[in-house]
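File shown here: input20.cif, holding mmCIF, C-alpha atoms and all ligand atoms.
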```
data_final
loop_
_atom_site.label_atom_id
_atom_site.label_comp_id
_atom_site.auth_asym_id
_atom_site.auth_seq_id
_atom_site.Cartn_x
_atom_site.Cartn_y
_atom_site.Cartn_z
CA MET C 1 23.48 -85.23 34.25
CA LYS C 2 27.01 -84.80 32.90
CA PHE C 3 28.39 -86.88 35.73
CA SER C 4 25.95 -89.70 35.19
CA ILE C 5 26.70 -89.82 31.44
CA THR C 6 30.45 -89.81 32.11
CA ILE C 7 30.09 -92.57 34.71
CA LEU C 8 27.93 -94.62 32.35
CA PHE C 9 30.45 -94.30 29.49
CA SER C 10 33.30 -95.16 31.87
CA LEU C 11 31.48 -98.25 33.07
CA LEU C 12 30.79 -99.29 29.49
CA GLY C 13 34.47 -98.85 28.78
CA ILE C 14 35.52 -100.90 31.83
CA ILE C 15 33.21 -103.79 31.06
CA GLY C 16 34.00 -103.57 27.35
CA ILE C 17 30.49 -102.93 26.00
CA SER C 18 30.37 -100.93 22.80
CA GLN C 19 28.19 -97.86 22.68
CA THR C 20 26.19 -96.01 20.08
CA TYR C 21 25.92 -92.25 20.35
CA SER C 22 22.63 -90.42 19.84
CA LEU C 23 21.31 -86.85 19.83
CA PRO C 24 20.68 -85.42 23.30
CA LYS C 25 17.11 -84.26 23.89
CA LEU C 26 16.61 -80.48 23.47
CA LYS C 27 15.20 -78.69 26.54
CA TYR C 28 13.29 -76.16 24.41
CA SER C 29 11.50 -75.92 21.06
CA TYR C 30 13.25 -74.90 17.82
CA SER C 31 11.54 -71.52 17.95
CA ALA C 32 12.16 -70.84 21.66
CA LEU C 33 15.38 -68.89 21.08
CA SER C 34 14.15 -67.10 17.96
CA ALA C 35 15.03 -63.60 19.15
CA SER C 36 18.68 -64.72 18.88
CA ILE C 37 18.64 -67.91 16.81
CA ASP C 38 15.86 -68.45 14.29
CA SER C 39 13.75 -71.59 14.29
CA THR C 40 14.92 -72.95 10.91
CA THR C 41 18.58 -72.59 11.86
CA MET C 42 17.93 -74.41 15.14
CA GLU C 43 16.10 -77.25 13.43
CA ILE C 44 18.66 -77.75 10.65
CA HIS C 45 21.57 -77.34 13.05
CA TYR C 46 20.18 -79.96 15.42
CA THR C 47 18.52 -82.49 13.10
CA LYS C 48 20.95 -82.32 10.19
CA HIS C 49 24.37 -81.04 11.31
CA HIS C 50 24.51 -82.52 14.80
CA GLN C 51 22.81 -85.71 13.64
CA ALA C 52 25.46 -86.07 10.93
CA TYR C 53 28.26 -85.83 13.54
CA VAL C 54 26.51 -88.51 15.60
CA ASN C 55 26.02 -90.82 12.58
CA ASN C 56 29.56 -90.34 11.33
CA LEU C 57 31.03 -90.86 14.80
CA ASN C 58 29.16 -94.15 15.18
CA LYS C 59 30.33 -95.19 11.73
CA ALA C 60 33.95 -94.17 12.38
CA ILE C 61 34.30 -96.11 15.66
CA ALA C 62 32.24 -99.17 14.69
CA GLY C 63 34.29 -102.33 15.14
CA THR C 64 37.31 -100.46 16.55
CA LYS C 65 38.69 -100.34 20.08
CA LEU C 66 37.36 -96.75 20.32
CA GLU C 67 33.85 -98.19 20.47
CA VAL C 68 34.24 -98.99 24.18
CA LEU C 69 36.07 -95.81 25.22
CA PRO C 70 34.31 -92.85 26.87
CA ILE C 71 34.14 -89.90 24.46
CA GLU C 72 36.40 -87.88 26.80
CA GLU C 73 39.14 -90.52 26.38
CA ILE C 74 38.78 -90.35 22.60
CA MET C 75 39.16 -86.56 22.72
CA LEU C 76 42.14 -86.65 25.12
CA ASN C 77 43.95 -88.67 22.44
CA ALA C 78 42.62 -86.71 19.47
CA SER C 79 46.07 -86.34 17.91
CA LEU C 80 46.32 -90.13 17.62
CA THR C 81 42.84 -90.76 16.22
CA PRO C 82 41.76 -90.69 12.56
CA ASP C 83 40.33 -87.34 11.37
CA ALA C 84 36.85 -88.86 11.02
CA VAL C 85 36.85 -89.77 14.73
CA ARG C 86 38.40 -86.50 15.93
CA ASN C 87 36.02 -84.31 13.89
CA ASN C 88 32.84 -86.21 14.69
CA ALA C 89 33.58 -86.88 18.37
CA GLY C 90 34.30 -83.16 18.72
CA GLY C 91 31.19 -82.31 16.70
CA HIS C 92 28.99 -84.43 18.96
CA TYR C 93 30.52 -83.26 22.25
CA ASN C 94 30.62 -79.56 21.25
CA HIS C 95 27.04 -79.42 20.00
CA SER C 96 25.72 -81.32 23.04
CA LEU C 97 27.36 -78.68 25.22
CA PHE C 98 26.07 -75.84 23.02
CA TRP C 99 22.38 -76.89 23.30
CA ASP C 100 22.80 -77.38 27.03
CA ILE C 101 24.08 -73.86 27.76
CA LEU C 102 21.26 -72.10 25.87
CA THR C 103 17.87 -71.21 27.32
CA PRO C 104 14.81 -69.17 26.42
CA LYS C 105 14.45 -68.17 30.09
CA LYS C 106 15.47 -64.62 30.86
CA ASP C 107 17.58 -63.26 33.69
CA LYS C 108 19.70 -66.31 34.43
CA LYS C 109 22.61 -65.24 36.61
CA PRO C 110 25.97 -66.87 37.41
CA SER C 111 26.30 -68.39 40.87
CA ALA C 112 28.17 -66.35 43.48
CA GLU C 113 31.10 -68.78 43.13
CA LEU C 114 31.33 -68.40 39.33
CA TYR C 115 30.69 -64.65 39.52
CA LYS C 116 33.67 -64.27 41.87
CA ALA C 117 35.89 -66.38 39.59
CA ILE C 118 34.88 -64.29 36.55
CA GLU C 119 35.66 -61.06 38.43
CA GLU C 120 39.03 -62.42 39.53
CA ASN C 121 39.99 -63.58 36.04
CA PHE C 122 38.37 -60.95 33.81
CA LYS C 123 37.30 -58.11 36.15
CA SER C 124 33.68 -58.28 34.93
CA ILE C 125 31.15 -60.31 32.96
CA ASP C 126 31.17 -57.62 30.28
CA SER C 127 34.96 -58.00 29.81
CA LEU C 128 34.50 -61.78 29.59
CA LYS C 129 31.82 -61.36 26.91
CA LYS C 130 34.06 -58.95 25.02
CA LEU C 131 36.98 -61.38 25.09
CA MET C 132 34.75 -64.29 24.04
CA ASN C 133 33.34 -62.27 21.15
CA GLN C 134 36.84 -61.21 20.06
CA ALA C 135 37.98 -64.84 20.13
CA ALA C 136 34.88 -65.89 18.16
CA ALA C 137 35.09 -63.04 15.65
CA SER C 138 38.77 -63.59 14.95
CA ARG C 139 38.49 -67.38 14.50
CA PHE C 140 39.30 -67.74 10.81
CA GLY C 141 36.87 -70.03 9.01
CA SER C 142 34.90 -72.49 11.13
CA GLY C 143 35.41 -73.19 14.80
CA TRP C 144 34.42 -72.47 18.38
CA ALA C 145 35.07 -69.85 21.06
CA TRP C 146 35.45 -71.20 24.60
CA LEU C 147 35.44 -70.27 28.25
CA VAL C 148 37.63 -72.92 29.84
CA LEU C 149 38.52 -73.91 33.40
CA THR C 150 42.19 -74.97 33.30
CA PRO C 151 43.88 -77.52 35.61
CA GLU C 152 45.40 -74.49 37.44
CA LYS C 153 41.78 -73.49 38.25
CA LYS C 154 41.99 -70.41 36.04
CA LEU C 155 39.25 -69.26 33.70
CA VAL C 156 40.65 -68.70 30.21
CA VAL C 157 39.10 -67.62 26.91
CA THR C 158 40.31 -69.40 23.79
CA SER C 159 39.17 -70.64 20.41
CA THR C 160 39.71 -73.79 18.35
CA ALA C 161 39.33 -74.60 14.66
CA ASN C 162 36.81 -76.99 13.10
CA GLN C 163 35.28 -79.28 15.75
CA ASP C 164 38.30 -79.36 18.08
CA ASN C 165 37.85 -78.41 21.74
CA PRO C 166 40.01 -77.73 24.81
CA ILE C 167 39.76 -81.31 26.12
CA MET C 168 41.71 -82.45 23.06
CA ASP C 169 45.47 -82.85 23.13
CA VAL C 170 45.63 -80.75 19.94
CA SER C 171 44.31 -77.65 21.71
CA LYS C 172 46.73 -74.87 22.72
CA VAL C 173 44.72 -74.07 25.89
CA ARG C 174 43.48 -77.16 27.68
CA GLY C 175 40.85 -77.68 30.33
CA ILE C 176 37.16 -78.32 30.76
CA PRO C 177 34.93 -76.08 28.61
CA LEU C 178 32.20 -74.19 30.47
CA ILE C 179 30.90 -72.16 27.51
CA GLY C 180 31.27 -73.06 23.84
CA ILE C 181 30.01 -70.75 21.11
CA ASP C 182 29.59 -72.29 17.69
CA VAL C 183 30.98 -69.95 15.03
CA TRP C 184 30.46 -72.20 12.04
CA GLU C 185 28.35 -70.38 9.43
CA HIS C 186 25.69 -73.09 9.79
CA ALA C 187 25.04 -71.71 13.31
CA TYR C 188 24.00 -68.23 12.16
CA TYR C 189 24.01 -67.70 8.39
CA LEU C 190 20.25 -67.82 7.70
CA LYS C 191 19.48 -64.99 10.13
CA TYR C 192 22.73 -63.03 10.16
CA GLN C 193 24.41 -63.92 6.82
CA ASN C 194 27.98 -62.57 6.96
CA LYS C 195 27.40 -60.54 10.15
CA ARG C 196 29.02 -62.89 12.65
CA ALA C 197 29.40 -60.02 15.14
CA ASP C 198 25.60 -59.51 15.27
CA TYR C 199 25.09 -63.21 16.04
CA LEU C 200 27.72 -62.97 18.80
CA GLY C 201 26.01 -59.92 20.26
CA ALA C 202 22.64 -61.72 20.35
CA ILE C 203 23.75 -65.08 21.68
CA TRP C 204 24.43 -63.72 25.18
CA ASN C 205 20.69 -63.07 25.55
CA VAL C 206 20.03 -66.82 25.54
CA ILE C 207 23.01 -68.04 27.56
CA ASP C 208 22.02 -70.17 30.56
CA TRP C 209 24.25 -68.96 33.40
CA GLU C 210 22.67 -71.47 35.76
CA VAL C 211 23.87 -74.43 33.67
CA ILE C 212 27.28 -72.81 33.24
CA SER C 213 27.54 -72.27 37.01
CA ASN C 214 26.77 -75.97 37.55
CA ARG C 215 29.37 -76.91 34.94
CA TYR C 216 31.90 -74.73 36.80
CA THR C 217 31.20 -76.39 40.15
CA ALA C 218 31.39 -79.87 38.60
CA ALA C 219 34.60 -79.06 36.67
CA LEU C 220 36.40 -78.04 39.88
CA THR C 221 36.40 -81.66 41.06
CA ASP C 222 36.01 -83.53 37.76
CA PRO C 223 38.59 -86.38 37.47
CA LEU C 224 38.86 -85.44 33.78
CA MET C 225 40.82 -82.35 34.88
CA GLN C 226 43.61 -84.46 36.34
CA LYS C 227 43.76 -86.48 33.13
CA ILE C 228 44.16 -83.27 31.13
CA GLU C 229 46.83 -82.04 33.51
CA LYS C 230 48.69 -85.32 33.25
CA ASP C 231 48.31 -85.28 29.49
CA ASN C 232 49.98 -81.85 29.41
CA TRP C 233 53.03 -83.33 31.15
CA GLN C 234 55.16 -83.62 28.00
CA GLU C 235 58.03 -85.54 29.60
CA LEU C 236 55.58 -88.20 30.82
CA LYS C 237 54.11 -88.45 27.32
CA ASP C 238 57.59 -88.82 25.81
CA PHE C 239 58.38 -91.63 28.24
CA TYR C 240 55.01 -93.22 27.49
CA LYS C 241 55.84 -93.36 23.78
CA ILE C 242 58.91 -95.50 24.57
CA ILE C 243 56.80 -97.70 26.89
CA ILE C 244 54.30 -98.29 24.08
CA ALA C 245 57.06 -99.02 21.59
CA THR C 246 58.96 -101.43 23.86
CA CYS C 247 56.72 -102.96 26.55
CA HIS C 248 53.84 -104.04 24.42
CA PRO C 249 55.81 -105.99 21.79
CA LEU C 250 57.14 -108.02 24.74
CA GLU C 251 53.65 -109.43 25.24
CA GLU C 252 54.25 -111.20 21.92
CA ASN C 253 57.83 -112.05 22.92
CA ASN C 254 59.23 -109.47 20.51
CA PHE C 255 62.44 -108.25 22.17
CA ALA C 256 63.87 -106.31 19.23
CA PRO C 257 62.35 -102.90 20.22
CA ILE C 258 63.63 -102.93 23.81
CA ARG C 259 67.07 -104.16 22.76
CA GLU C 260 67.13 -101.31 20.23
CA MET C 261 65.68 -98.57 22.45
CA SER C 262 66.92 -99.27 26.00
CA GLY C 263 69.27 -96.27 25.85
CA GLU C 264 66.42 -93.98 24.84
CA LEU C 265 64.25 -95.47 27.60
CA TYR C 266 66.91 -94.63 30.19
CA LEU C 267 67.39 -91.11 28.78
CA LYS C 268 63.62 -90.36 28.80
CA ALA C 269 63.35 -91.70 32.37
CA LEU C 270 66.14 -89.33 33.38
CA ILE C 271 64.44 -86.35 31.71
CA LEU C 272 61.11 -87.34 33.28
CA LYS C 273 62.64 -87.54 36.75
CA LYS C 274 64.03 -83.99 36.34
CA SER C 275 60.80 -82.53 34.91
CA THR C 276 58.28 -80.35 36.74
CA VAL C 277 55.54 -82.51 38.19
CA PRO C 278 52.03 -81.01 37.68
CA ALA C 279 50.62 -79.47 40.87
CA SER C 280 47.92 -82.04 41.58
CA LEU C 281 50.39 -84.93 41.21
CA LYS C 282 53.05 -83.51 43.50
CA HIS C 283 52.92 -86.16 46.20
CA GLU C 284 55.13 -88.88 47.61
CA LYS C 285 53.63 -91.66 45.47
CA THR C 286 54.55 -89.88 42.21
CA LYS C 287 58.03 -89.02 43.48
CA LEU C 288 58.74 -92.64 44.47
CA ALA C 289 57.35 -93.97 41.16
CA LEU C 290 59.57 -91.61 39.14
CA GLU C 291 62.64 -92.64 41.15
CA LYS C 292 61.81 -96.31 40.70
CA MET C 293 61.23 -95.89 36.96
CA LEU C 294 64.65 -94.27 36.60
CA ILE C 295 66.38 -97.09 38.52
CA LEU C 296 64.53 -99.77 36.52
CA SER C 297 65.24 -98.08 33.17
CA LYS C 298 68.93 -97.83 34.06
CA GLU C 299 69.02 -101.50 35.07
CA ILE C 300 67.22 -102.57 31.86
CA HIS C 301 69.66 -100.60 29.73
CA ALA C 302 72.58 -102.27 31.56
CA MET C 303 70.98 -105.71 31.09
CA VAL C 304 70.60 -105.10 27.35
CA ASP C 305 74.22 -103.95 27.27
CA ARG C 306 75.30 -107.21 28.96
CA ASN C 307 73.10 -109.15 26.51
CA GLU C 308 71.17 -110.81 29.32
CA LYS C 309 68.49 -113.42 28.68
CA ASP C 310 65.13 -112.30 27.24
CA GLU C 311 63.11 -113.53 30.22
CA HIS C 312 65.19 -111.51 32.70
CA ILE C 313 64.65 -108.34 30.66
CA LYS C 314 60.96 -109.11 30.30
CA LYS C 315 60.51 -109.47 34.07
CA LYS C 316 62.19 -106.12 34.71
CA MET C 317 60.14 -104.48 31.97
CA GLU C 318 56.94 -105.79 33.53
CA GLU C 319 57.99 -104.15 36.79
CA LEU C 320 58.63 -100.89 34.93
CA HIS C 321 55.26 -101.12 33.20
CA THR C 322 53.45 -101.57 36.52
CA THR C 323 55.37 -98.69 38.12
CA PHE C 324 54.57 -96.47 35.12
CA HIS C 325 50.88 -97.12 35.62
CA GLU C 326 51.13 -95.89 39.20
CA VAL C 327 51.54 -92.46 37.61
CA GLN C 328 49.57 -92.98 34.39
CA GLU C 329 46.70 -95.17 35.55
CA LYS C 330 46.13 -97.11 32.39
CA CYS C 331 47.20 -97.55 28.81
CA THR C 332 45.10 -95.43 26.47
CA HIS C 333 46.74 -96.39 23.17
FE FE Q 1 27.32 -76.29 14.66
#
```
Any chance you could put this one into structure tokens?
Ligand SMILES: [Fe+2]
Amino acid sequence: MKFSITILFSLLGIIGISQTYSLPKLKYSYSALSASIDSTTMEIHYTKHHQAYVNNLNKAIAGTKLEVLPIEEIMLNASLTPDAVRNNAGGHYNHSLFWDILTPKKDKKPSAELYKAIEENFKSIDSLKKLMNQAAASRFGSGWAWLVLTPEKKLVVTSTANQDNPIMDVSKVRGIPLIGIDVWEHAYYLKYQNKRADYLGAIWNVIDWEVISNRYTAALTDPLMQKIEKDNWQELKDFYKIIIATCHPLEENNFAPIREMSGELYLKALILKKSTVPASLKHEKTKLALEKMLILSKEIHAMVDRNEKDEHIKKKMEELHTTFHEVQEKCTH
């Protein structure tokens, strides 16, 4: 299901059709989890809180370029988006995940593959639960506790504030979330009041290990993982900032930024060439692109120095732009 939604959003993005978000359908009744989460909390949480994130997200992106982007792309660039988009995109994604990983069915077990990964990373499921509960209990104020698969294929426990999540570029630990536990008071206050630890103890009784196992298998080959890995490549991001600031004004024949910043462009290309390439991108194509970007940046800087004609600089910059996108597939600004 996750794949088909992602593919649909991507297609909408490619063909430029705007989208409207809506609440995902719950797989169980409001009272189905009542031993751990009471019916009223479920209903208010889903129909009021989650619905508000959906409404506010639709309102925040309406008429903007974010309207045609997949939600994952919006979250990858969370640091660059307005707070209303970041908070409500996170709110919608996080709650959709939360409903999906809960179940009234008893005795759901992790797959052999996930079980092995948990043992390798945490020694046991009980240690994982303990770490998750510690992360959730120590999250000051409102936020989420996460089990994340990182680009290095490690399972890591972390927490984020507010409606942030590990897909976002603002998160300290990044990767694809497999489990997300909502520790906002609205998730537990009616039944547990100030006893967050009791809520955390009870939630494991309704966790759907089957769904989480499927999420784990899907995350291992999800193209989103490579985007996160690439996004964590700081030197590439620094170079990208100069590309945005110089290349794009050229489309409107504005040459002032590149004439001003060619030295910085060359310096960032040099730093990028010397940086550590993320594991999944360590191949010949990346190596050649980085070398070419350095040569082109050096040439452009020399051309600016010689005060060459605008059109010559523009042509070289177009070549640099194309080469850059061999590493970073497309512009996301
Ligand atoms: Fe919530």
- Radius query 12 Å about (33.5, -81.7, 13.6), atoms used: all atoms listed in the file, as a VMD selection string: chain C and resid 49 to 57 75 78 83 to 95 142 to 144 160 to 165 182 184
- Task: Measuring atom to atom with all atoms listed in the file, identify which of C:Leu220, C:Val183, C:Leu66, C:Ile74 is nearest to ligand FE 1 (chain Q).
- Result: C:Val183
- Task: May I have the residues within 9 Å of Glu152 in chain C as number ranges by chain, using all atoms listed in the file and disregarding those fewer than 5 positions away in the same chain?
- Result: C: 229, 279-280
- Query: Residues around (26.2, -63.2, 25.0), cut-off 12 Å, counting all atoms listed in the file - what are they as a PyMOL selection string?
  - Reply: chain C and resi 36+101-103+108+125-134+136+145+179-181+197-209
- Determine the nearest neighbour of ligand FE 1 (chain Q) from the options C:Val170, C:Leu97, C:His186, C:Leu114, counting only C-alpha atoms and all ligand atoms.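 Nearest candidate to ligand FE 1 (chain Q) out of C:Val170, C:Leu97, C:His186, C:Leu114: C:His186.
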Spatial neighbours of Met42 in chain C, max dist 9 Å, all atoms listed in the file, sep filter under 5 positions, as a compact mmCIF listing (two decimals) with C-alpha atoms, in the frame of the given file:
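The resulting result-v1.txt:
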```txt
# COMPACT_ATOMS: atom_id res chain seq x y z
CA SER C 29 11.50 -75.92 21.06
CA TYR C 30 13.25 -74.90 17.82
CA SER C 31 11.54 -71.52 17.95
CA LEU C 33 15.38 -68.89 21.08
CA SER C 34 14.15 -67.10 17.96
CA ILE C 37 18.64 -67.91 16.81
CA THR C 47 18.52 -82.49 13.10
CA ALA C 187 25.04 -71.71 13.31
```
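Between CA of Ala32 in chain C and CA of Tyr216 in chain C lies a distance of 25.2 Å.
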